[in-house]
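Data block for start.cif (mmCIF, C-alpha atoms):
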```cif
data_my_file
#
loop_
_atom_site.label_atom_id
_atom_site.label_comp_id
_atom_site.auth_asym_id
_atom_site.auth_seq_id
_atom_site.Cartn_x
_atom_site.Cartn_y
_atom_site.Cartn_z
CA MET E 1 93.28 113.11 85.69
CA SER E 2 91.95 109.58 85.83
CA ARG E 3 94.13 106.57 85.02
CA ARG E 4 91.49 104.28 83.57
CA ARG E 5 92.68 101.99 80.81
CA ALA E 6 91.39 102.33 77.30
CA PRO E 7 89.90 99.25 75.62
CA LEU E 8 92.38 96.59 74.50
CA ALA E 9 91.95 97.28 70.82
CA VAL E 10 92.92 100.92 71.00
CA LEU E 11 95.47 101.64 73.73
CA SER E 12 98.59 101.45 71.63
CA THR E 13 101.31 103.63 70.18
CA VAL E 14 100.55 104.53 66.58
CA ILE E 15 103.49 105.16 64.27
CA VAL E 16 102.52 107.58 61.54
CA THR E 17 105.52 107.16 59.26
CA ALA E 18 107.43 104.23 57.89
CA ALA E 19 110.65 105.37 59.56
CA THR E 20 111.75 103.45 62.62
CA LEU E 21 114.09 104.47 65.39
CA THR E 22 116.98 102.13 64.69
CA ALA E 23 119.69 104.47 65.94
CA SER E 24 119.02 103.58 69.56
CA THR E 25 121.03 100.39 69.01
CA ALA E 26 124.12 102.41 68.17
CA ALA E 27 127.17 102.11 70.35
CA HIS E 28 127.72 105.87 70.04
CA ALA E 29 124.12 106.99 69.57
CA ALA E 30 122.17 108.77 72.28
CA THR E 31 118.43 109.12 72.64
CA THR E 32 117.23 112.11 74.67
CA THR E 33 113.64 112.89 75.63
CA PHE E 34 112.65 116.55 75.97
CA THR E 35 109.42 117.85 77.49
CA PRO E 36 107.92 121.15 76.35
CA THR E 37 109.24 124.42 77.70
CA ALA E 38 105.80 125.81 76.83
CA ASP E 39 102.48 124.55 75.54
CA THR E 40 99.01 126.02 75.24
CA TYR E 41 96.02 126.27 72.93
CA VAL E 42 93.69 129.02 71.73
CA ASP E 43 89.92 129.01 71.15
CA ASN E 44 88.04 131.41 68.87
CA GLY E 45 85.03 130.98 71.15
CA SER E 46 86.98 132.78 73.90
CA THR E 47 89.28 135.11 72.00
CA GLY E 48 90.83 136.81 75.04
CA THR E 49 91.33 133.72 77.22
CA ASN E 50 94.73 132.19 77.94
CA TYR E 51 94.89 128.41 78.51
CA GLY E 52 98.58 128.16 79.36
CA THR E 53 98.08 126.42 82.70
CA SER E 54 95.42 124.01 81.47
CA GLY E 55 96.05 120.29 81.74
CA GLN E 56 94.57 119.85 78.29
CA LEU E 57 95.45 120.88 74.73
CA GLY E 58 92.67 121.10 72.16
CA VAL E 59 92.50 120.98 68.38
CA ASP E 60 89.15 121.49 66.65
CA ASN E 61 87.44 123.26 63.76
CA SER E 62 84.19 124.27 65.52
CA PRO E 63 84.95 126.20 67.63
CA ILE E 64 88.42 126.59 66.14
CA LYS E 65 91.10 125.42 68.56
CA ARG E 66 94.82 125.43 67.80
CA THR E 67 97.60 123.96 69.93
CA PHE E 68 101.14 125.30 70.27
CA LEU E 69 104.16 123.35 71.54
CA LYS E 70 107.69 124.63 72.16
CA PHE E 71 110.77 122.52 72.90
CA THR E 72 114.36 123.49 73.63
CA VAL E 73 116.81 120.86 72.39
CA SER E 74 120.28 120.85 73.96
CA GLY E 75 123.19 118.49 74.48
CA ILE E 76 123.06 116.99 70.98
CA THR E 77 126.62 116.23 69.88
CA GLY E 78 126.12 114.51 66.53
CA SER E 79 123.74 114.70 63.62
CA VAL E 80 120.11 113.99 64.42
CA SER E 81 119.17 110.61 62.99
CA ASN E 82 115.60 110.61 64.27
CA ALA E 83 113.23 112.99 66.02
CA LYS E 84 109.67 112.24 66.90
CA LEU E 85 106.93 114.08 68.71
CA ARG E 86 104.91 111.91 71.12
CA ILE E 87 101.56 113.14 72.40
CA HIS E 88 98.97 111.46 74.59
CA THR E 89 95.22 111.85 74.27
CA ASP E 90 93.37 112.81 77.42
CA ASP E 91 91.53 110.10 79.36
CA VAL E 92 88.14 111.83 79.23
CA SER E 93 85.01 111.42 77.18
CA GLY E 94 85.28 113.41 73.96
CA ALA E 95 89.08 113.35 73.73
CA ASP E 96 88.86 110.96 70.77
CA SER E 97 88.50 112.26 67.24
CA PRO E 98 88.41 111.05 63.62
CA ASN E 99 91.17 113.62 62.94
CA GLY E 100 94.10 113.93 65.32
CA GLY E 101 95.37 117.04 63.61
CA THR E 102 97.96 118.47 61.23
CA PHE E 103 101.39 119.30 62.68
CA LYS E 104 103.38 122.22 61.24
CA ALA E 105 106.67 123.94 61.96
CA MET E 106 106.54 127.53 63.21
CA SER E 107 109.02 130.37 62.78
CA ASN E 108 107.99 132.11 66.02
CA VAL E 109 109.81 130.61 69.01
CA SER E 110 109.49 133.58 71.35
CA TRP E 111 105.87 133.16 72.44
CA THR E 112 105.09 132.34 76.08
CA GLU E 113 102.35 129.97 77.17
CA THR E 114 100.88 132.36 79.77
CA ALA E 115 100.45 135.21 77.28
CA VAL E 116 99.05 133.57 74.13
CA THR E 117 95.35 134.10 73.34
CA TRP E 118 93.32 133.81 70.16
CA ASN E 119 93.81 137.53 69.59
CA ASN E 120 97.63 137.47 69.70
CA GLN E 121 98.46 133.88 68.68
CA PRO E 122 101.68 133.20 66.75
CA ALA E 123 101.38 132.18 63.13
CA ILE E 124 101.50 128.51 62.20
CA ASP E 125 103.48 129.33 59.10
CA GLY E 126 105.95 126.50 58.43
CA ALA E 127 106.02 123.25 56.55
CA THR E 128 103.74 120.37 57.47
CA VAL E 129 105.76 117.75 59.35
CA GLY E 130 103.03 115.17 59.86
CA SER E 131 99.41 114.42 60.59
CA LEU E 132 97.29 111.98 62.55
CA GLY E 133 94.14 110.22 61.52
CA SER E 134 91.65 108.80 63.98
CA VAL E 135 92.74 108.96 67.64
CA VAL E 136 91.17 107.42 70.73
CA ARG E 137 91.28 108.50 74.35
CA ASN E 138 94.15 107.56 76.70
CA ALA E 139 96.67 106.56 74.01
CA TRP E 140 100.10 107.66 72.81
CA TYR E 141 100.63 108.82 69.22
CA GLU E 142 103.81 109.70 67.36
CA VAL E 143 104.70 112.06 64.55
CA ASP E 144 108.08 111.97 62.81
CA VAL E 145 109.56 115.49 62.96
CA THR E 146 113.10 114.62 61.82
CA SER E 147 112.77 116.98 58.86
CA TYR E 148 112.31 119.90 61.28
CA VAL E 149 114.36 119.07 64.39
CA THR E 150 117.93 118.97 63.09
CA GLY E 151 120.04 119.80 66.16
CA ASN E 152 120.27 121.98 69.24
CA GLY E 153 117.87 124.92 69.35
CA THR E 154 114.30 125.94 70.07
CA TYR E 155 111.44 124.54 68.01
CA SER E 156 107.76 125.48 67.86
CA ILE E 157 105.09 123.18 66.46
CA GLY E 158 101.50 124.17 65.78
CA ILE E 159 98.61 121.70 65.56
CA THR E 160 95.33 122.36 63.76
CA SER E 161 92.35 120.20 62.81
CA SER E 162 89.82 120.28 60.00
CA SER E 163 87.33 118.23 62.01
CA THR E 164 84.39 119.63 63.94
CA ASP E 165 84.87 116.68 66.31
CA GLY E 166 88.28 117.64 67.60
CA ALA E 167 90.86 115.88 69.76
CA ASP E 168 92.13 116.67 73.26
CA TYR E 169 95.71 115.95 74.36
CA ASP E 170 97.47 116.07 77.71
CA SER E 171 99.60 119.17 78.32
CA ARG E 172 102.93 119.46 80.11
CA GLU E 173 101.02 120.05 83.35
CA SER E 174 99.84 116.43 83.16
CA GLY E 175 103.13 114.88 84.32
CA SER E 176 103.98 111.46 82.88
CA THR E 177 101.66 111.90 79.90
CA ALA E 178 103.05 115.31 78.89
CA PRO E 179 104.15 115.75 75.27
CA GLN E 180 107.63 114.46 74.47
CA LEU E 181 110.21 115.20 71.81
CA VAL E 182 112.45 112.14 71.47
CA VAL E 183 115.70 112.95 69.67
CA THR E 184 118.36 110.42 68.64
CA ASP E 185 121.79 111.54 67.51
CA GLY E 186 124.95 109.62 66.69
CA THR E 187 126.17 106.98 64.31
CA ILE E 188 124.92 103.48 63.70
CA PRO E 189 127.52 100.72 64.02
CA PRO E 190 127.63 97.66 61.78
CA PRO E 191 124.95 95.11 62.61
CA GLY E 192 125.79 91.96 64.49
CA ASP E 193 125.70 92.72 68.23
CA PRO E 194 122.29 91.65 69.53
CA VAL E 195 120.38 93.84 71.95
CA TRP E 196 118.69 92.08 74.87
CA VAL E 197 116.38 94.34 76.90
CA GLY E 198 113.69 94.04 79.53
CA ALA E 199 112.52 94.23 83.13
CA GLY E 200 110.21 92.43 85.52
CA ASP E 201 107.23 93.35 87.71
CA ILE E 202 105.47 95.08 84.89
CA ALA E 203 101.78 95.66 84.26
CA ASP E 204 99.01 96.70 86.62
CA SER E 205 96.19 99.26 86.72
CA GLY E 206 98.66 102.16 86.89
CA SER E 207 100.62 103.85 84.13
CA GLY E 208 104.18 102.70 84.91
CA ASP E 209 104.15 99.99 82.26
CA THR E 210 102.93 102.51 79.69
CA ALA E 211 106.09 104.53 80.29
CA THR E 212 108.45 101.54 80.18
CA ALA E 213 106.77 100.13 77.07
CA ALA E 214 107.42 103.48 75.41
CA LEU E 215 111.14 102.88 76.01
CA LEU E 216 110.89 99.53 74.24
CA ASP E 217 109.31 101.30 71.28
CA ASN E 218 112.74 102.84 70.67
CA ILE E 219 114.96 99.85 71.45
CA PRO E 220 115.04 97.04 68.89
CA GLY E 221 116.15 93.55 69.88
CA THR E 222 114.91 90.67 72.00
CA VAL E 223 112.74 91.57 75.00
CA TRP E 224 112.94 89.51 78.21
CA THR E 225 110.84 89.67 81.36
CA THR E 226 111.83 88.62 84.88
CA GLY E 227 108.36 87.59 86.01
CA ASP E 228 105.26 89.13 87.55
CA ASN E 229 104.28 90.13 84.05
CA VAL E 230 100.82 91.25 85.16
CA TYR E 231 99.14 92.03 88.48
CA PRO E 232 97.56 91.07 90.67
CA ASP E 233 96.79 87.48 89.69
CA GLY E 234 98.09 86.68 86.21
CA THR E 235 94.60 86.06 84.82
CA ALA E 236 93.79 86.01 81.13
CA SER E 237 91.67 89.13 81.64
CA GLN E 238 94.54 90.99 83.32
CA PHE E 239 96.92 90.05 80.52
CA SER E 240 94.38 91.43 78.04
CA THR E 241 93.55 94.57 80.01
CA TYR E 242 96.92 95.58 81.48
CA TYR E 243 99.83 93.85 79.72
CA GLU E 244 98.59 93.62 76.14
CA PRO E 245 98.06 97.38 75.52
CA THR E 246 101.60 98.25 76.67
CA TRP E 247 104.33 95.61 76.67
CA GLY E 248 102.03 93.42 74.62
CA ARG E 249 102.83 95.36 71.49
CA HIS E 250 106.32 93.84 71.78
CA LYS E 251 105.00 90.32 72.37
CA ALA E 252 106.33 88.93 69.09
CA ARG E 253 109.93 89.59 70.22
CA THR E 254 109.47 88.79 73.92
CA ARG E 255 110.94 85.77 75.72
CA PRO E 256 109.34 85.86 79.19
CA SER E 257 109.83 84.15 82.53
CA PRO E 258 107.05 83.66 85.11
CA GLY E 259 106.72 85.25 88.54
CA ASN E 260 104.76 84.40 91.66
CA HIS E 261 101.90 86.72 90.69
CA ASP E 262 101.61 84.91 87.35
CA TYR E 263 101.11 81.77 89.44
CA HIS E 264 98.23 83.28 91.41
CA THR E 265 96.21 81.75 88.59
CA SER E 266 96.42 77.98 89.02
CA GLY E 267 99.26 76.58 86.93
CA ALA E 268 99.96 80.08 85.58
CA THR E 269 97.58 79.23 82.75
CA GLY E 270 96.99 82.91 81.96
CA TYR E 271 100.74 83.33 81.44
CA TYR E 272 101.24 80.20 79.35
CA ASN E 273 98.16 80.79 77.22
CA TYR E 274 99.10 84.42 76.58
CA PHE E 275 102.72 83.88 75.57
CA GLY E 276 102.27 80.47 73.97
CA ALA E 277 105.38 78.86 72.55
CA GLN E 278 107.46 81.93 73.41
CA ALA E 279 107.29 80.86 77.08
CA GLY E 280 108.74 77.43 76.32
CA PRO E 281 106.93 74.13 76.76
CA SER E 282 103.53 74.86 78.30
CA GLY E 283 103.45 74.52 82.06
CA ARG E 284 107.19 73.95 82.41
CA GLY E 285 108.45 77.52 82.36
CA TYR E 286 112.10 76.99 81.49
CA TYR E 287 113.74 76.99 78.07
CA SER E 288 116.78 78.37 76.23
CA TYR E 289 117.73 80.12 73.01
CA ASP E 290 120.79 81.68 71.35
CA LEU E 291 121.52 85.29 70.39
CA GLY E 292 124.73 85.85 68.47
CA ASN E 293 127.60 84.43 70.53
CA TRP E 294 125.36 84.08 73.57
CA HIS E 295 123.38 81.20 75.04
CA ILE E 296 120.34 82.50 76.98
CA VAL E 297 118.39 80.50 79.57
CA SER E 298 114.97 81.47 80.97
CA LEU E 299 114.23 79.65 84.24
CA ASN E 300 111.23 79.17 86.53
CA SER E 301 111.75 80.05 90.19
CA ASN E 302 108.15 79.10 91.08
CA ILE E 303 108.77 75.34 90.86
CA SER E 304 111.41 73.03 92.31
CA MET E 305 114.96 74.20 91.78
CA ALA E 306 116.62 71.73 94.15
CA ALA E 307 119.74 69.87 93.12
CA GLY E 308 118.53 66.83 91.23
CA SER E 309 115.16 68.37 90.34
CA ALA E 310 113.93 68.12 86.77
CA GLN E 311 114.69 71.79 86.16
CA GLU E 312 118.20 71.68 87.64
CA GLN E 313 119.10 68.53 85.71
CA TRP E 314 117.74 70.02 82.50
CA LEU E 315 119.76 73.20 83.10
CA ARG E 316 123.02 71.33 83.54
CA GLN E 317 122.40 69.30 80.38
CA ASP E 318 121.40 72.40 78.43
CA LEU E 319 124.52 74.29 79.49
CA ALA E 320 126.75 71.32 78.69
CA ALA E 321 125.32 71.15 75.19
CA SER E 322 125.87 74.84 74.43
CA THR E 323 128.76 75.80 72.18
CA LYS E 324 128.42 79.55 72.73
CA PRO E 325 131.28 81.36 74.53
CA CYS E 326 128.97 83.57 76.65
CA THR E 327 125.94 82.66 78.77
CA ALA E 328 123.13 84.63 80.43
CA ALA E 329 120.14 83.49 82.50
CA TYR E 330 117.10 85.09 84.11
CA TRP E 331 114.31 84.24 86.53
CA HIS E 332 112.05 85.95 89.04
CA HIS E 333 113.18 85.39 92.64
CA PRO E 334 116.62 86.94 93.33
CA LEU E 335 119.44 85.05 94.99
CA PHE E 336 121.15 88.39 95.67
CA THR E 337 119.16 91.51 96.64
CA SER E 338 119.21 94.34 99.17
CA GLY E 339 115.47 94.89 98.84
CA ALA E 340 113.43 95.34 101.99
CA ASN E 341 110.28 93.61 100.71
CA HIS E 342 111.67 90.26 99.61
CA ALA E 343 114.72 88.59 101.13
CA PRO E 344 117.23 86.66 99.01
CA SER E 345 115.73 83.42 97.72
CA THR E 346 118.22 80.74 98.75
CA ALA E 347 116.08 78.11 97.04
CA THR E 348 117.41 79.42 93.73
CA ARG E 349 121.05 78.67 94.63
CA PRO E 350 121.19 75.25 92.86
CA LEU E 351 120.34 76.97 89.58
CA PHE E 352 123.01 79.59 90.20
CA GLN E 353 125.48 76.85 91.11
CA ALA E 354 124.84 75.07 87.81
CA LEU E 355 125.40 78.31 85.93
CA TYR E 356 128.57 79.05 87.90
CA ASP E 357 129.88 75.56 87.18
CA ALA E 358 129.33 76.23 83.48
CA ASN E 359 131.17 79.59 83.62
CA ALA E 360 128.04 81.67 82.94
CA ASP E 361 128.45 85.43 82.80
CA VAL E 362 125.28 87.25 83.85
CA VAL E 363 122.00 86.52 85.69
CA VAL E 364 119.03 88.88 85.91
CA PHE E 365 116.29 88.72 88.57
CA GLY E 366 113.03 90.55 89.39
CA HIS E 367 110.63 90.32 92.39
CA ASN E 368 111.88 93.40 94.27
CA HIS E 369 110.51 96.48 92.50
CA GLN E 370 113.80 98.32 92.08
CA TYR E 371 117.14 98.21 90.31
CA GLU E 372 120.34 96.82 91.77
CA ARG E 373 123.66 95.74 90.28
CA PHE E 374 126.09 93.37 91.98
CA ALA E 375 129.76 92.68 91.33
CA PRO E 376 130.61 89.19 90.02
CA GLN E 377 129.96 86.66 92.78
CA ASN E 378 130.13 82.93 93.46
CA PRO E 379 126.98 81.02 94.53
CA THR E 380 127.49 81.88 98.22
CA GLY E 381 127.80 85.61 97.55
CA GLY E 382 131.57 85.92 97.69
CA LEU E 383 133.31 88.39 95.42
CA ASP E 384 134.82 86.45 92.52
CA ASN E 385 136.38 88.54 89.79
CA SER E 386 137.75 85.54 87.90
CA ARG E 387 134.72 83.24 87.59
CA GLY E 388 131.93 85.09 89.34
CA ILE E 389 128.57 85.89 87.72
CA ARG E 390 127.46 89.51 87.53
CA THR E 391 123.83 89.86 88.65
CA PHE E 392 121.12 92.48 88.35
CA VAL E 393 117.75 92.94 90.04
CA ALA E 394 115.58 94.47 87.32
CA GLY E 395 112.13 94.77 88.91
CA MET E 396 111.43 98.30 87.70
CA GLY E 397 109.12 97.45 84.79
CA GLY E 398 106.06 99.39 85.96
CA ALA E 399 104.72 98.23 89.33
CA GLY E 400 105.04 100.41 92.43
CA ALA E 401 108.54 100.88 93.88
CA TYR E 402 109.93 98.99 96.88
CA GLY E 403 112.52 100.26 99.35
CA PHE E 404 115.94 98.93 100.31
CA GLY E 405 116.91 97.34 103.60
CA THR E 406 120.43 96.42 104.66
CA ILE E 407 122.71 96.78 101.67
CA LYS E 408 124.24 93.41 100.86
CA PRO E 409 127.95 92.84 100.19
CA ASN E 410 129.10 93.46 96.62
CA SER E 411 126.10 95.66 95.76
CA GLU E 412 127.61 98.24 93.42
CA ALA E 413 124.66 100.34 92.29
CA ARG E 414 121.00 100.63 93.21
CA ASN E 415 117.95 102.81 92.72
CA THR E 416 114.30 102.76 93.66
CA GLY E 417 111.56 105.04 92.38
CA THR E 418 112.85 105.15 88.80
CA GLN E 419 111.06 102.85 86.42
CA GLY E 420 112.90 101.77 83.32
CA VAL E 421 114.43 98.89 81.40
CA LEU E 422 117.80 97.18 81.50
CA LYS E 423 119.42 97.09 78.07
CA LEU E 424 122.28 94.68 77.43
CA THR E 425 124.25 94.74 74.20
CA LEU E 426 125.73 91.28 73.66
CA HIS E 427 129.14 91.51 72.02
CA SER E 428 131.17 88.52 70.85
CA ASN E 429 133.04 88.18 74.16
CA SER E 430 131.55 90.83 76.46
CA PHE E 431 128.37 92.71 77.25
CA ASP E 432 127.44 96.33 77.87
CA TRP E 433 124.68 97.13 80.33
CA GLN E 434 122.61 100.31 80.46
CA PHE E 435 119.76 101.24 82.77
CA VAL E 436 117.36 103.28 80.61
CA PRO E 437 114.98 105.43 82.73
CA VAL E 438 111.46 106.41 81.75
CA ALA E 439 110.83 109.90 80.41
CA GLY E 440 111.30 112.57 83.04
CA LYS E 441 113.72 110.54 85.19
CA THR E 442 117.49 110.93 85.30
CA TYR E 443 118.95 107.87 87.05
CA THR E 444 121.28 105.87 84.82
CA ASP E 445 123.82 103.09 85.24
CA SER E 446 126.08 101.59 82.58
CA GLY E 447 129.23 99.58 82.10
CA THR E 448 130.91 96.62 80.42
CA THR E 449 131.88 93.13 81.58
CA ASN E 450 133.92 90.54 79.66
CA CYS E 451 132.75 86.97 79.26
CA HIS E 452 134.73 84.29 81.06
#
```

Give the structure from this file in structure tokens form.
Amino acid sequence: MSRRRAPLAVLSTVIVTAATLTASTAAHAATTTFTPTADTYVDNGSTGTNYGTSGQLGVDNSPIKRTFLKFTVSGITGSVSNAKLRIHTDDVSGADSPNGGTFKAMSNVSWTETAVTWNNQPAIDGATVGSLGSVVRNAWYEVDVTSYVTGNGTYSIGITSSSTDGADYDSRESGSTAPQLVVTDGTIPPPGDPVWVGAGDIADSGSGDTATAALLDNIPGTVWTTGDNVYPDGTASQFSTYYEPTWGRHKARTRPSPGNHDYHTSGATGYYNYFGAQAGPSGRGYYSYDLGNWHIVSLNSNISMAAGSAQEQWLRQDLAASTKPCTAAYWHHPLFTSGANHAPSTATRPLFQALYDANADVVVFGHNHQYERFAPQNPTGGLDNSRGIRTFVAGMGGAGAYGFGTIKPNSEARNTGTQGVLKLTLHSNSFDWQFVPVAGKTYTDSGTTNCH
């Protein structure tokens, strides 16, 4: 199936109910994504044909096409606070429709996708759980099915359409665009601990950023980026075509930092024009803000970082003025990394030194397209459990994966080939980290570190 992008105005996730997935911020909540155990459709124009291995699922009223989905939910330990069905329209001409279909619960959960035909199809006999209006090609859509999916078990959902211009969706044979059932269970803690989530090395002509943006759909809070927001050159057109349809839907809550690819356009004007005031003073690329008990600094590793430079002096003054007990910073080029593609950027050390001198707690990098977590270190890379800064390389936002070379001292966890986001929950005197993988991937990493 092709991976062409849909036009800017239409490639977006459409929420069809007023409910939002707030439970993903819970300290004890868990969000699990399930893919179908079976899916197929039937067609009254070919009453004896089985479409169980097709890469496409159709809904239509002429000829009549009906789609069937089956999910097995397991591992849920608490009450379900939210369940939503996510489906993706096919990237082919004719997949769009003025009517995306009506979604109903089904009592029959024993059907098999390789046996169902029009002649023996199971009944779509349950309550309506949702519907979609107009849908366009190559886009994700969501239907709230919390009323139906209440815990562990097997669930069947049937989709019909009253339109003679029906819609086509990707089936489970399609891979990353297969249907998803996203279930959140657990309890919601009192508000007050900000969530700070993001990644770097994000948007290009592929579909990785579509998958990571879908994670952000379920994680409230402030979004950060560690540079290389869009490939290959950071142009205004690339921001519009690649970044805007995916991570761009979270632009209003995003506090970015620039990468070297953003600077392929002279002065990174595409970056500064796209993000506006959210990127700090235009052309400078470094700024700070507060979240709860935390002072956050976004820095620019594409300009001078030398001791005595404008940026380094500003950083020291900014840190001295902060009254917050905890401090985090982020920029593109990593001082510490085991990545094979890009060596550690020693030019960033003066910034790290300033943060270390101010007793900062965490620094996040990008540049290498992978995930890596380091133990707390001093500016020269020595283990320092008393004053050291914990660092992460979070370059898994969507661009193609890079490999590892020689593993550097104090590297505690690492992964390549799993795209995702790094979620940090900022407590009053500590932070929790969690690597959240894209749908279909299993790598995770989590823990807690106290502020100094």

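Look at Ser134 (chain E): the protein and nucleic acid residues within 7 Å of it, using all atoms listed in the file and passing over chain neighbours fewer than 4 places away, are Ser97, Pro98, Asn99 and Gly100 of chain E.
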
Once you have the residues from the selection above, write them out as a JSON list (two decimals), in the coordinates of the input, restricted to C-alpha atoms.
```
[["chain", "number", "residue", "atom", "x", "y", "z"],
["E", 97, "SER", "CA", 88.50, 112.26, 67.24],
["E", 98, "PRO", "CA", 88.41, 111.05, 63.62],
["E", 99, "ASN", "CA", 91.17, 113.62, 62.94],
["E", 100, "GLY", "CA", 94.10, 113.93, 65.32]]
```

*Can you list what the PyMOL selection byres ((chain E and resi 222) around 8) grabs from this structure, as a list in words?*
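On the file shown, the PyMOL selection byres ((chain E and resi 222) around 8) covers Pro194, Val195, Trp196, Val197, Pro220, Gly221, Val223, Trp224, Arg253, Thr254 and Arg255 of chain E.
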
*Can you tell me how far CA of His367 (chain E) sits from CA of Leu319 (chain E), in Å to one decimal?*
24.8 Å

*Could you list as JSON, numbers by chain every residue that has an atom within 8 Å of (112.8, 111.2, 67.1), using the file's coordinates and counting all atoms listed in the file?*
{"E": [21, 81, 82, 83, 84, 85, 144, 145, 146, 181, 182, 183, 184]}

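For the atom pair formed by CA of Asp90 (chain E) and CA of Gly55 (chain E), the distance is 9.0 Å, given to one decimal.
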
*Point out the residue among E:Trp314, E:Val59, E:Ile296, E:Thr269 with the least atom-to-atom distance to Gly283 (chain E), counting all atoms listed in the file.*
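Of E:Trp314, E:Val59, E:Ile296, E:Thr269, the one nearest Gly283 (chain E), counting all atoms listed in the file, is E:Thr269.
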
*CA of Thr117 (chain E) and CA of Gly48 (chain E), how far apart in Å?*
5.5 Å

Output of the PyMOL selection byres ((chain E and resi 375) around 12), listed as a PDB file with C-alpha atoms, keeping the file's coordinate frame:
```pdb
ATOM      1  CA  PHE E 336     121.150  88.390  95.670  1.00  0.00           C
ATOM      2  CA  THR E 337     119.160  91.510  96.640  1.00  0.00           C
ATOM      3  CA  ASP E 361     128.450  85.430  82.800  1.00  0.00           C
ATOM      4  CA  VAL E 362     125.280  87.250  83.850  1.00  0.00           C
ATOM      5  CA  VAL E 363     122.000  86.520  85.690  1.00  0.00           C
ATOM      6  CA  GLU E 372     120.340  96.820  91.770  1.00  0.00           C
ATOM      7  CA  ARG E 373     123.660  95.740  90.280  1.00  0.00           C
ATOM      8  CA  PHE E 374     126.090  93.370  91.980  1.00  0.00           C
ATOM      9  CA  PRO E 376     130.610  89.190  90.020  1.00  0.00           C
ATOM     10  CA  GLN E 377     129.960  86.660  92.780  1.00  0.00           C
ATOM     11  CA  ASN E 378     130.130  82.930  93.460  1.00  0.00           C
ATOM     12  CA  GLY E 381     127.800  85.610  97.550  1.00  0.00           C
ATOM     13  CA  GLY E 382     131.570  85.920  97.690  1.00  0.00           C
ATOM     14  CA  LEU E 383     133.310  88.390  95.420  1.00  0.00           C
ATOM     15  CA  ASP E 384     134.820  86.450  92.520  1.00  0.00           C
ATOM     16  CA  ASN E 385     136.380  88.540  89.790  1.00  0.00           C
ATOM     17  CA  SER E 386     137.750  85.540  87.900  1.00  0.00           C
ATOM     18  CA  ARG E 387     134.720  83.240  87.590  1.00  0.00           C
ATOM     19  CA  GLY E 388     131.930  85.090  89.340  1.00  0.00           C
ATOM     20  CA  ILE E 389     128.570  85.890  87.720  1.00  0.00           C
ATOM     21  CA  ARG E 390     127.460  89.510  87.530  1.00  0.00           C
ATOM     22  CA  THR E 391     123.830  89.860  88.650  1.00  0.00           C
ATOM     23  CA  PHE E 392     121.120  92.480  88.350  1.00  0.00           C
ATOM     24  CA  LYS E 408     124.240  93.410 100.860  1.00  0.00           C
ATOM     25  CA  PRO E 409     127.950  92.840 100.190  1.00  0.00           C
ATOM     26  CA  ASN E 410     129.100  93.460  96.620  1.00  0.00           C
ATOM     27  CA  SER E 411     126.100  95.660  95.760  1.00  0.00           C
ATOM     28  CA  GLU E 412     127.610  98.240  93.420  1.00  0.00           C
ATOM     29  CA  ALA E 413     124.660 100.340  92.290  1.00  0.00           C
ATOM     30  CA  ARG E 414     121.000 100.630  93.210  1.00  0.00           C
ATOM     31  CA  GLY E 447     129.230  99.580  82.100  1.00  0.00           C
ATOM     32  CA  THR E 448     130.910  96.620  80.420  1.00  0.00           C
ATOM     33  CA  THR E 449     131.880  93.130  81.580  1.00  0.00           C
TER      34      THR E 449
END
```

*Please provide the set of residues having any atom within 6 Å of region 28-44 of chain E, restricted to only C-alpha atoms, with same-chain residues fewer than 4 positions apart removed, written as a ChimeraX atom specification.*
/E:51-52,57,64-71,113,117-118,180-187

*Can you give me, as a list in words, the residues this file yields under the PyMOL selection byres ((chain E and resi 198-208) around 7)?*
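Selected by the PyMOL selection byres ((chain E and resi 198-208) around 7) here: Arg3, Val197, Asp209, Thr210, Ala211, Thr212, Val223, Trp224, Thr225, Thr226, Gly227, Asp228, Asn229, Val230, Tyr231, Tyr242, Tyr243, Gly366, His367, His369, Ala394, Gly395, Met396, Gly397, Gly398, Ala399, Val421, Leu422 and Lys423 of chain E.
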
*Close residues, Ala268 (chain E) itself excluded, 8 Å, only C-alpha atoms, min 5 positions apart in chain, as a list in words*: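 Everything that qualifies: Gly234, Pro258, Asp262, Tyr263 and Gly283 of chain E.
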
Sel. within 8 Å of pt (104.9, 84.9, 66.9), counting only C-alpha atoms, output as a PDB file with C-alpha atoms, in the frame of the given file:
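part_19.pdb, written as the output of this step:
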```pdb
ATOM      1  CA  LYS E 251     105.000  90.320  72.370  1.00  0.00           C
ATOM      2  CA  ALA E 252     106.330  88.930  69.090  1.00  0.00           C
ATOM      3  CA  ARG E 253     109.930  89.590  70.220  1.00  0.00           C
ATOM      4  CA  GLN E 278     107.460  81.930  73.410  1.00  0.00           C
TER       5      GLN E 278
END
```

*In terms of the shortest atom-to-atom distance over all atoms listed in the file, which of E:Pro179, E:Pro437, E:Gly130, E:Gly270 is closest to Thr418 (chain E)?*
E:Pro437

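If only C-alpha atoms are the atoms counted, then among E:Ser107, E:Thr160, E:Asn302, E:Thr444 the closest residue to Gly58 (chain E) is E:Thr160.
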
*Which is closest to Leu315 (chain E) among E:Leu335, E:Ala347, E:Ala139, E:Ala354, if we use all atoms listed in the file?*
E:Ala354

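Nearest-residue note for Leu291 (chain E): choosing from E:Pro344, E:Gly101, E:Pro325, E:Gly259, the minimum distance belongs to E:Pro325, counting all atoms listed in the file.
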
Hey, could you pull the box centre and edge lengths for region 78-95 of chain E, axis-aligned, 6 Å padding per side, all listed atoms, to one decimal in Å, as AutoDock Vina command-line options?
```
--center_x 105.6 --center_y 112.4 --center_z 71.2 --size_x 53.1 --size_y 16.6 --size_z 28.4
```
